[in-house]
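**Q** My file is structure_26.cif. It has mmCIF, C-alpha atoms:
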```cif
data_run
#
loop_
_atom_site.label_atom_id
_atom_site.label_comp_id
_atom_site.auth_asym_id
_atom_site.auth_seq_id
_atom_site.Cartn_x
_atom_site.Cartn_y
_atom_site.Cartn_z
CA MET A 1 109.63 42.97 107.32
CA THR A 2 106.86 45.56 106.85
CA ASP A 3 106.51 47.43 103.58
CA LEU A 4 106.31 51.11 104.52
CA THR A 5 105.19 52.16 101.04
CA ALA A 6 101.88 50.33 101.52
CA GLN A 7 100.80 52.68 104.29
CA ALA A 8 98.58 55.58 103.25
CA SER A 9 100.11 58.99 103.66
CA PRO A 10 98.12 62.08 104.65
CA ALA A 11 98.81 63.59 101.23
CA SER A 12 97.30 60.62 99.41
CA ASP A 13 94.25 60.66 101.74
CA ALA A 14 93.69 64.35 101.01
CA SER A 15 93.74 63.75 97.27
CA ARG A 16 90.74 61.37 97.63
CA LEU A 17 88.57 63.97 99.36
CA PRO A 18 86.13 65.98 97.27
CA PRO A 19 87.11 69.63 96.82
CA LEU A 20 85.66 72.09 99.31
CA GLN A 21 83.21 74.60 97.94
CA PHE A 22 83.08 77.98 99.66
CA GLY A 23 80.52 80.74 99.34
CA PHE A 24 79.96 84.16 100.79
CA THR A 25 76.65 86.04 100.70
CA GLY A 26 77.44 89.24 102.63
CA GLY A 27 76.95 92.64 101.08
CA ALA A 28 78.39 96.13 101.40
CA ALA A 29 75.47 97.60 103.37
CA GLY A 30 75.64 94.92 106.06
CA TRP A 31 79.41 95.19 106.30
CA LEU A 32 79.21 98.98 106.57
CA GLY A 33 76.65 98.71 109.38
CA ILE A 34 78.78 96.22 111.30
CA GLY A 35 81.88 98.35 110.78
CA ILE A 36 80.21 101.52 112.02
CA GLY A 37 78.66 99.70 114.97
CA GLY A 38 81.96 98.10 115.97
CA PHE A 39 83.80 101.39 115.61
CA LEU A 40 81.28 103.26 117.76
CA VAL A 41 81.24 100.57 120.45
CA THR A 42 85.03 100.62 120.62
CA VAL A 43 85.53 104.40 120.52
CA LEU A 44 82.68 105.34 122.87
CA THR A 45 83.96 102.90 125.52
CA LEU A 46 87.64 103.80 124.99
CA GLY A 47 88.38 100.26 123.81
CA ILE A 48 86.92 98.47 126.82
CA CYS A 49 84.12 96.95 124.73
CA TYR A 50 86.35 95.98 121.82
CA PRO A 51 85.46 92.29 122.41
CA TRP A 52 81.85 93.14 121.52
CA ALA A 53 83.04 94.65 118.22
CA VAL A 54 85.11 91.53 117.48
CA VAL A 55 82.15 89.24 118.16
CA MET A 56 79.80 91.39 116.05
CA THR A 57 82.26 91.32 113.16
CA TYR A 58 82.93 87.58 113.20
CA ARG A 59 79.31 86.67 113.80
CA TRP A 60 78.43 88.64 110.63
CA LYS A 61 81.28 87.09 108.62
CA THR A 62 80.46 83.53 109.59
CA LYS A 63 76.70 84.06 109.13
CA HIS A 64 77.38 84.83 105.48
CA THR A 65 79.98 82.10 104.86
CA TRP A 66 79.04 78.71 103.39
CA ILE A 67 81.22 75.59 103.14
CA ASN A 68 79.90 72.70 101.04
CA GLY A 69 76.37 74.05 101.34
CA ARG A 70 76.49 74.46 105.13
CA ARG A 71 76.58 77.79 106.91
CA LEU A 72 79.47 78.60 109.21
CA ARG A 73 78.52 79.71 112.72
CA PHE A 74 80.41 81.76 115.28
CA THR A 75 79.91 80.52 118.84
CA GLY A 76 82.11 83.00 120.71
CA THR A 77 80.62 85.55 123.08
CA ALA A 78 81.84 88.97 124.09
CA PRO A 79 81.87 88.09 127.82
CA GLY A 80 83.89 84.97 126.91
CA LEU A 81 86.48 87.11 125.13
CA PHE A 82 86.41 89.94 127.67
CA GLY A 83 88.40 88.02 130.31
CA HIS A 84 91.12 87.23 127.79
CA TRP A 85 91.11 90.84 126.59
CA ILE A 86 91.66 92.22 130.11
CA LYS A 87 94.45 89.69 130.74
CA TRP A 88 96.15 90.54 127.44
CA PHE A 89 95.82 94.28 128.14
CA LEU A 90 97.41 93.92 131.57
CA LEU A 91 100.24 91.77 130.18
CA CYS A 92 100.90 94.44 127.55
CA LEU A 93 101.09 97.09 130.28
CA ILE A 94 103.40 95.01 132.47
CA THR A 95 105.75 94.17 129.59
CA LEU A 96 105.73 97.72 128.17
CA GLY A 97 103.95 96.54 125.02
CA ILE A 98 106.14 93.54 124.23
CA TYR A 99 103.27 91.12 124.87
CA SER A 100 101.27 92.82 122.10
CA PHE A 101 103.12 90.60 119.60
CA TRP A 102 101.33 87.62 121.13
CA VAL A 103 97.87 89.20 121.28
CA THR A 104 97.00 88.96 117.58
CA PRO A 105 97.82 85.22 117.25
CA ARG A 106 95.98 84.46 120.51
CA LEU A 107 92.95 86.45 119.38
CA GLN A 108 92.96 84.66 116.03
CA LYS A 109 93.22 81.30 117.81
CA TRP A 110 90.21 82.21 119.99
CA ILE A 111 88.23 83.25 116.90
CA VAL A 112 89.02 80.04 114.98
CA GLU A 113 88.23 77.85 117.99
CA HIS A 114 84.78 79.46 118.20
CA GLN A 115 83.65 78.64 114.67
CA GLU A 116 81.72 75.58 113.57
CA LEU A 117 79.43 74.36 110.83
CA ASP A 118 75.84 75.24 111.71
CA PRO A 119 73.99 71.96 112.34
CA THR A 120 70.66 73.53 111.33
CA SER A 121 71.75 74.61 107.83
#
```
Could you write out this structure as structure tokens?
**A**
Amino acid sequence: MTDLTAQASPASDASRLPPLQFGFTGGAAGWLGIGIGGFLVTVLTLGICYPWAVVMTYRWKTKHTWINGRRLRFTGTAPGLFGHWIKWFLLCLITLGIYSFWVTPRLQKWIVEHQELDPTS
């Protein structure tokens, strides 16, 4: 008979890992510039270019984020998000806004899937 207590559990594996160290180097002036730029891009195009504002924002955030001494990098592109954005917009129209509850989690999933540790840092 196999002793199940001898197998390592995910919790015990996690306790052996060194703690993660996070850092952030962004400042107010940079954030203000990105915020104004994203706002203008979105408003002047009536929301059509919102994906460009999202990419600008997350590229700035990840550029200034460090994990264990390595910079985080955002690999998403506005054209890559634009197709999803149009699809989500149309689904919101068709469902009279009900689909909007799914847009935020799907956008967050897309953002997270397009982040990685920068191999050059």
**Q** Once the PyMOL selection byres ((chain A and resi 113) around 12) is applied to the coordinates I shared, what remains selected? I want it as JSON, numbers by chain.
**A** {"A": [73, 74, 75, 76, 77, 81, 106, 107, 108, 109, 110, 111, 112, 114, 115, 116, 117]}
**Q** May I have the residues from that selection written out with C-alpha atoms, as a PDB file, keeping the file's coordinate frame?
**A**
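Dumped to selection-v5.pdb:
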```pdb
ATOM      1  CA  ARG A  73      78.520  79.710 112.720  1.00  0.00           C
ATOM      2  CA  PHE A  74      80.410  81.760 115.280  1.00  0.00           C
ATOM      3  CA  THR A  75      79.910  80.520 118.840  1.00  0.00           C
ATOM      4  CA  GLY A  76      82.110  83.000 120.710  1.00  0.00           C
ATOM      5  CA  THR A  77      80.620  85.550 123.080  1.00  0.00           C
ATOM      6  CA  LEU A  81      86.480  87.110 125.130  1.00  0.00           C
ATOM      7  CA  ARG A 106      95.980  84.460 120.510  1.00  0.00           C
ATOM      8  CA  LEU A 107      92.950  86.450 119.380  1.00  0.00           C
ATOM      9  CA  GLN A 108      92.960  84.660 116.030  1.00  0.00           C
ATOM     10  CA  LYS A 109      93.220  81.300 117.810  1.00  0.00           C
ATOM     11  CA  TRP A 110      90.210  82.210 119.990  1.00  0.00           C
ATOM     12  CA  ILE A 111      88.230  83.250 116.900  1.00  0.00           C
ATOM     13  CA  VAL A 112      89.020  80.040 114.980  1.00  0.00           C
ATOM     14  CA  HIS A 114      84.780  79.460 118.200  1.00  0.00           C
ATOM     15  CA  GLN A 115      83.650  78.640 114.670  1.00  0.00           C
ATOM     16  CA  GLU A 116      81.720  75.580 113.570  1.00  0.00           C
ATOM     17  CA  LEU A 117      79.430  74.360 110.830  1.00  0.00           C
TER      18      LEU A 117
END
```
**Q** Interatomic distance between atom CA of Ser121 of chain A and atom CA of Gly26 of chain A?
**A** 16.5 Å
**Q** Write out as a Markdown table the residues of segment 64-107 of chain A that have any atom within 9 Å of an atom of segment 37-48 of chain A, one row each with the nearest atom pair and its distance in Å to one decimal, counting all atoms listed in the file, sorted by chain and then rising number.
**A**
```
| residue | atom | partner | partner_atom | distance |
| --- | --- | --- | --- | --- |
| A:Phe82 | CA | A:Ile48 | CA | 8.6 |
| A:Trp85 | CA | A:Ile48 | CA | 8.7 |
| A:Ile86 | CA | A:Ile48 | CA | 8.5 |
```
**Q** List as a PyMOL selection string the protein and nucleic acid residues near Phe24 of chain A, meaning an atom at most 8 Å away when all atoms listed in the file are counted, but skip any in the same chain fewer than 5 places from it.
**A** chain A and resi 64-66
**Q** Got a sec to resolve the PyMOL selection byres ((chain A and resi 21) around 7) on this structure and send the residues as a ChimeraX atom specification?
**A** /A:19-20,22-23,67-68
**Q** Rounded to one decimal place, report the atom CA of Gly35 of chain A-atom CA of Thr57 of chain A distance in Å.
**A**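 Between these atoms lies a distance of 7.4 Å.
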**Q** Nearest to Gly83 of chain A among A:Pro51, A:Thr62, A:Arg70, A:Val103, with distances taken over only C-alpha atoms: which residue is it?
**A**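 Going through A:Pro51, A:Thr62, A:Arg70, A:Val103 one by one, the smallest distance to Gly83 of chain A is for A:Pro51.
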